[in-house]
Amino acid sequence: MLSSPPVPPINVEKSYRRLLNHLPGMAYRCRILNTDADENDFLQYELEFVSKGSYELLGVPAEDMVYAHHNTIERMTHPDDLGPSRKAIRDSIVAHEPYQVMYRLLLPSGRVKWLWDQGEGVYDDSGVLRYLEGLIMDVSEQKFQEMALREENRELRTSVINLYGLGNIVGKSEPMRRVYSQILKAAETDSNVIIYGETGCGKDLAAKSIHEYSGRKGRYVPVNCGAIPEQLLESEFFGHVKGAFSGAHANKEGYIGAANGGTLFLDEIGELPLHLQVKLLRAIENKMYTPVGGNTPKESSFRLISATNQDLSKMVREKTMRSDFYYRVNVLSITLPPLRERHGDIALLVESWLEKRGLSIILPPHVRLAVEQYDWPGNVRELHNFLDRYLAFGDEALMSLGDAGRADLLLNTPQGISLDQAVLQLEERMIRQTLERCRWHRGKAAEELGLNLRTLQRKMRRMTVAGEKHKGK
């Protein structure tokens, strides 16, 4: 029988090196020079081995990489990335964990490459760190795609400030464009935001826009702090467990729990009593809360946005708001301009209101003029309220605009008549419109006009006479 020739022994070291030379990227081994370094020192090391992938990765042959044992990688690392990457590696080594870092390299050609470096420490039998061994991969394509996507998202966010506004917020005036910029910047952070502004100027819309553009996956939970009875405040905010008090027949999740992963919007935050400010402060600071009647703390990672029409710094001075609570909620502030400071947006707001209701009507010139001249102390909310009334009552609604409304009703009268005749025509128009709307039910019409029935009947008789006299002229 013929025997097989003996198999020559395999050089394991050469086999491993051959395998590493075929790997994508660059495998390496660094010898630690300062083995006695403490946890606060940066590691000092020199290259002992790199695979042949160094040439494709860096344009430098493997032999040149280890020439004179210099650490060529560190010499090529971008100055802004060298310190952070070394610290990340040191911290992982101190914790006896593998490291993963990403940094930029400046190639001799001037090109920039993004590298992904992952490895771990090699220790001797005494537990002393002797080597770093790892693999470096080129992730430039992925990184540049990520950066391009981030820039695209930034441009997309900027582009949402269109000719008419931002999202559901309408307005193209310069004060509002400044607000849009602040909203988008606030959306990029997790810092607490407070929105200042008069009643009716859209603080809730601004808060919701910050939430929507932030990309948070959780719910948007709006809370009107002034509408909650004081005895229910803690239960509404923190929730309660079954049996916590009379009527607590089941566990209930509060606003803070509902906003986990999302945004908690506290409107009219100045209405919160001092004792609740203390408890909310803890939840805002450590994102932990305990339901009423419970013993186990719960976690809620919410983002806080507040709003108020009050001077909170004055409230702090008057001891009606805690200073620590004020400084916690008043981190990023946005002030919404009142409508009287953005008159150029009124026409857009009117068109937006009509579009949302599916109406294609055009306001008469005298109504548009009255709307433009009025100061709108109730801001956008008052404007919408007026438009609702105008849709129902017609020109009669202009009386709510004070001098602006009355002046423009008279401006809509024909030229060449006296003031008394213009007033009579105004009265006749209002009475006729109200009677038609009430299907000529005089009792209902008198009630809407704020008149008693006899007065309305008298005016109707006079109205007929005045009309005949005017026609005969």
# chains A, B, ... in the order shown; residues from 1 in each chain; ligands from 1
call {"tool": "residues_around", "arguments": {"residues": "A:Leu23", "least_positions_apart": "5", "cutoff": "9 Å", "atoms": "only C-alpha atoms", "output": "PyMOL selection string"}}
result
chain A and resi 51-53
call {"tool": "residues_around", "arguments": {"residues": "stretch 177-183 of chain A", "least_positions_apart": "2", "cutoff": "9 Å", "atoms": "only C-alpha atoms", "output": "VMD selection string"}}
result
chain A and resid 158 161 165 to 166 169 171 to 175 185 to 188 206 to 207 209 to 210 213 333 to 337
call {"tool": "residues_around", "arguments": {"residues": "A:Leu20", "least_positions_apart": "4", "cutoff": "12 Å", "atoms": "only C-alpha atoms", "output": "list in words"}}
result
Glu13, Lys14, Ser15, Tyr16, Pro24, Gly25, Met26, Ala27, Tyr28, Arg29, Phe49, Val50, Ser51, Lys52, Gly53, Ser54, Glu133, Gly134, Leu135 and Ile136 of chain A
call {"tool": "write_last_selection", "arguments": {"atoms": "all heavy atoms", "output": "compact mmCIF listing (two decimals), in the first residue's frame"}}
result
# COMPACT_ATOMS: atom_id res chain seq x y z
N GLU A 13 0.85 32.25 11.01
CA GLU A 13 1.03 33.70 10.94
C GLU A 13 0.91 34.17 9.50
O GLU A 13 0.22 35.15 9.20
CB GLU A 13 2.39 34.08 11.51
CG GLU A 13 2.71 35.58 11.45
CD GLU A 13 1.91 36.39 12.45
OE1 GLU A 13 1.36 35.78 13.40
OE2 GLU A 13 1.82 37.62 12.27
N LYS A 14 1.58 33.46 8.57
CA LYS A 14 1.51 33.85 7.16
C LYS A 14 0.10 33.67 6.61
O LYS A 14 -0.38 34.46 5.80
CB LYS A 14 2.49 33.02 6.33
CG LYS A 14 3.94 33.43 6.52
CD LYS A 14 4.83 32.64 5.58
CE LYS A 14 6.30 33.08 5.70
NZ LYS A 14 7.16 32.32 4.76
N SER A 15 -0.57 32.62 7.06
CA SER A 15 -1.94 32.37 6.61
C SER A 15 -2.87 33.50 7.02
O SER A 15 -3.67 33.99 6.23
CB SER A 15 -2.45 31.04 7.18
OG SER A 15 -3.78 30.81 6.80
N TYR A 16 -2.73 33.96 8.27
CA TYR A 16 -3.56 35.07 8.75
C TYR A 16 -3.25 36.35 7.98
O TYR A 16 -4.15 37.10 7.62
CB TYR A 16 -3.34 35.28 10.24
CG TYR A 16 -4.04 34.27 11.12
CD1 TYR A 16 -3.57 33.97 12.39
CD2 TYR A 16 -5.19 33.62 10.67
CE1 TYR A 16 -4.21 33.04 13.19
CE2 TYR A 16 -5.83 32.69 11.46
CZ TYR A 16 -5.35 32.40 12.71
OH TYR A 16 -5.99 31.48 13.50
N PRO A 24 -11.37 43.72 2.39
CA PRO A 24 -11.57 45.12 1.99
C PRO A 24 -11.17 46.02 3.15
O PRO A 24 -11.29 45.66 4.32
CB PRO A 24 -13.08 45.20 1.70
CG PRO A 24 -13.68 44.10 2.52
CD PRO A 24 -12.66 43.00 2.53
N GLY A 25 -10.69 47.20 2.83
CA GLY A 25 -10.24 48.08 3.89
C GLY A 25 -8.82 47.75 4.32
O GLY A 25 -8.05 47.11 3.59
N MET A 26 -8.45 48.14 5.52
CA MET A 26 -7.09 47.97 6.00
C MET A 26 -7.08 47.43 7.42
O MET A 26 -7.60 48.06 8.35
CB MET A 26 -6.35 49.32 5.97
CG MET A 26 -4.88 49.22 6.34
SD MET A 26 -4.12 50.86 6.48
CE MET A 26 -4.61 51.33 8.14
N ALA A 27 -6.54 46.24 7.58
CA ALA A 27 -6.35 45.67 8.92
C ALA A 27 -5.03 46.20 9.49
O ALA A 27 -4.08 46.47 8.74
CB ALA A 27 -6.34 44.15 8.86
N TYR A 28 -4.96 46.36 10.81
CA TYR A 28 -3.74 46.91 11.40
C TYR A 28 -3.51 46.35 12.81
O TYR A 28 -4.41 45.81 13.45
CB TYR A 28 -3.83 48.44 11.48
CG TYR A 28 -4.92 48.94 12.41
CD1 TYR A 28 -4.67 49.14 13.77
CD2 TYR A 28 -6.19 49.24 11.93
CE1 TYR A 28 -5.66 49.59 14.62
CE2 TYR A 28 -7.19 49.69 12.77
CZ TYR A 28 -6.92 49.87 14.12
OH TYR A 28 -7.91 50.31 14.96
N ARG A 29 -2.24 46.50 13.22
CA ARG A 29 -1.87 46.22 14.62
C ARG A 29 -0.93 47.33 15.06
O ARG A 29 0.04 47.66 14.35
CB ARG A 29 -1.18 44.88 14.77
CG ARG A 29 -0.73 44.62 16.22
CD ARG A 29 0.23 43.46 16.32
NE ARG A 29 -0.45 42.22 16.01
CZ ARG A 29 0.12 41.18 15.41
NH1 ARG A 29 1.38 41.27 15.02
NH2 ARG A 29 -0.56 40.08 15.19
N PHE A 49 1.94 46.53 11.88
CA PHE A 49 1.47 45.79 10.70
C PHE A 49 0.26 46.49 10.12
O PHE A 49 -0.62 46.95 10.85
CB PHE A 49 1.09 44.36 11.07
CG PHE A 49 0.29 43.66 10.00
CD1 PHE A 49 0.90 43.16 8.86
CD2 PHE A 49 -1.10 43.55 10.13
CE1 PHE A 49 0.14 42.56 7.87
CE2 PHE A 49 -1.86 42.93 9.15
CZ PHE A 49 -1.24 42.43 8.01
N VAL A 50 0.22 46.58 8.78
CA VAL A 50 -1.01 46.97 8.08
C VAL A 50 -1.14 46.05 6.87
O VAL A 50 -0.15 45.59 6.30
CB VAL A 50 -1.00 48.44 7.60
CG1 VAL A 50 -0.98 49.39 8.78
CG2 VAL A 50 0.15 48.71 6.67
N SER A 51 -2.37 45.76 6.50
CA SER A 51 -2.61 44.90 5.34
C SER A 51 -2.42 45.70 4.05
O SER A 51 -2.35 46.93 4.06
CB SER A 51 -4.02 44.32 5.40
OG SER A 51 -4.99 45.35 5.30
N LYS A 52 -2.38 44.97 2.94
CA LYS A 52 -2.11 45.61 1.66
C LYS A 52 -3.27 46.50 1.18
O LYS A 52 -3.14 47.23 0.21
CB LYS A 52 -1.79 44.55 0.60
CG LYS A 52 -0.49 43.82 0.88
CD LYS A 52 -0.10 42.94 -0.28
CE LYS A 52 1.23 42.22 0.00
NZ LYS A 52 2.33 43.17 0.16
N GLY A 53 -4.40 46.45 1.89
CA GLY A 53 -5.50 47.33 1.54
C GLY A 53 -5.20 48.79 1.79
O GLY A 53 -5.98 49.67 1.40
N SER A 54 -4.06 49.06 2.44
CA SER A 54 -3.70 50.45 2.73
C SER A 54 -3.51 51.25 1.44
O SER A 54 -3.80 52.46 1.40
CB SER A 54 -2.41 50.51 3.55
OG SER A 54 -1.31 50.03 2.80
N GLU A 133 -5.64 46.19 17.82
CA GLU A 133 -5.83 45.51 16.55
C GLU A 133 -7.22 45.87 16.03
O GLU A 133 -8.20 45.88 16.79
CB GLU A 133 -5.71 44.00 16.71
CG GLU A 133 -4.32 43.54 17.06
CD GLU A 133 -4.19 42.03 17.17
OE1 GLU A 133 -5.25 41.35 17.24
OE2 GLU A 133 -3.05 41.54 17.18
N GLY A 134 -7.27 46.19 14.73
CA GLY A 134 -8.57 46.58 14.20
C GLY A 134 -8.61 46.60 12.69
O GLY A 134 -7.67 46.16 12.00
N LEU A 135 -9.71 47.14 12.19
CA LEU A 135 -9.95 47.21 10.76
C LEU A 135 -10.51 48.59 10.44
O LEU A 135 -11.41 49.09 11.13
CB LEU A 135 -10.95 46.13 10.33
CG LEU A 135 -11.32 46.06 8.85
CD1 LEU A 135 -10.12 45.61 8.03
CD2 LEU A 135 -12.50 45.12 8.64
N ILE A 136 -9.97 49.21 9.38
CA ILE A 136 -10.44 50.53 8.94
C ILE A 136 -11.10 50.39 7.58
O ILE A 136 -10.53 49.79 6.66
CB ILE A 136 -9.26 51.53 8.85
CG1 ILE A 136 -8.65 51.74 10.24
CG2 ILE A 136 -9.74 52.86 8.29
CD1 ILE A 136 -7.45 52.67 10.23
call {"tool": "atom_distance", "arguments": {"atom1": "atom CA of A:Asp403", "atom2": "atom CA of A:Leu383"}}
result
16.0 Å
call {"tool": "select_by_dssp", "arguments": {"residues": "stretch 308-437 of chain A", "states": "strand (DSSP E)", "output": "PyMOL selection string"}}
result
chain A and resi 308+332-335
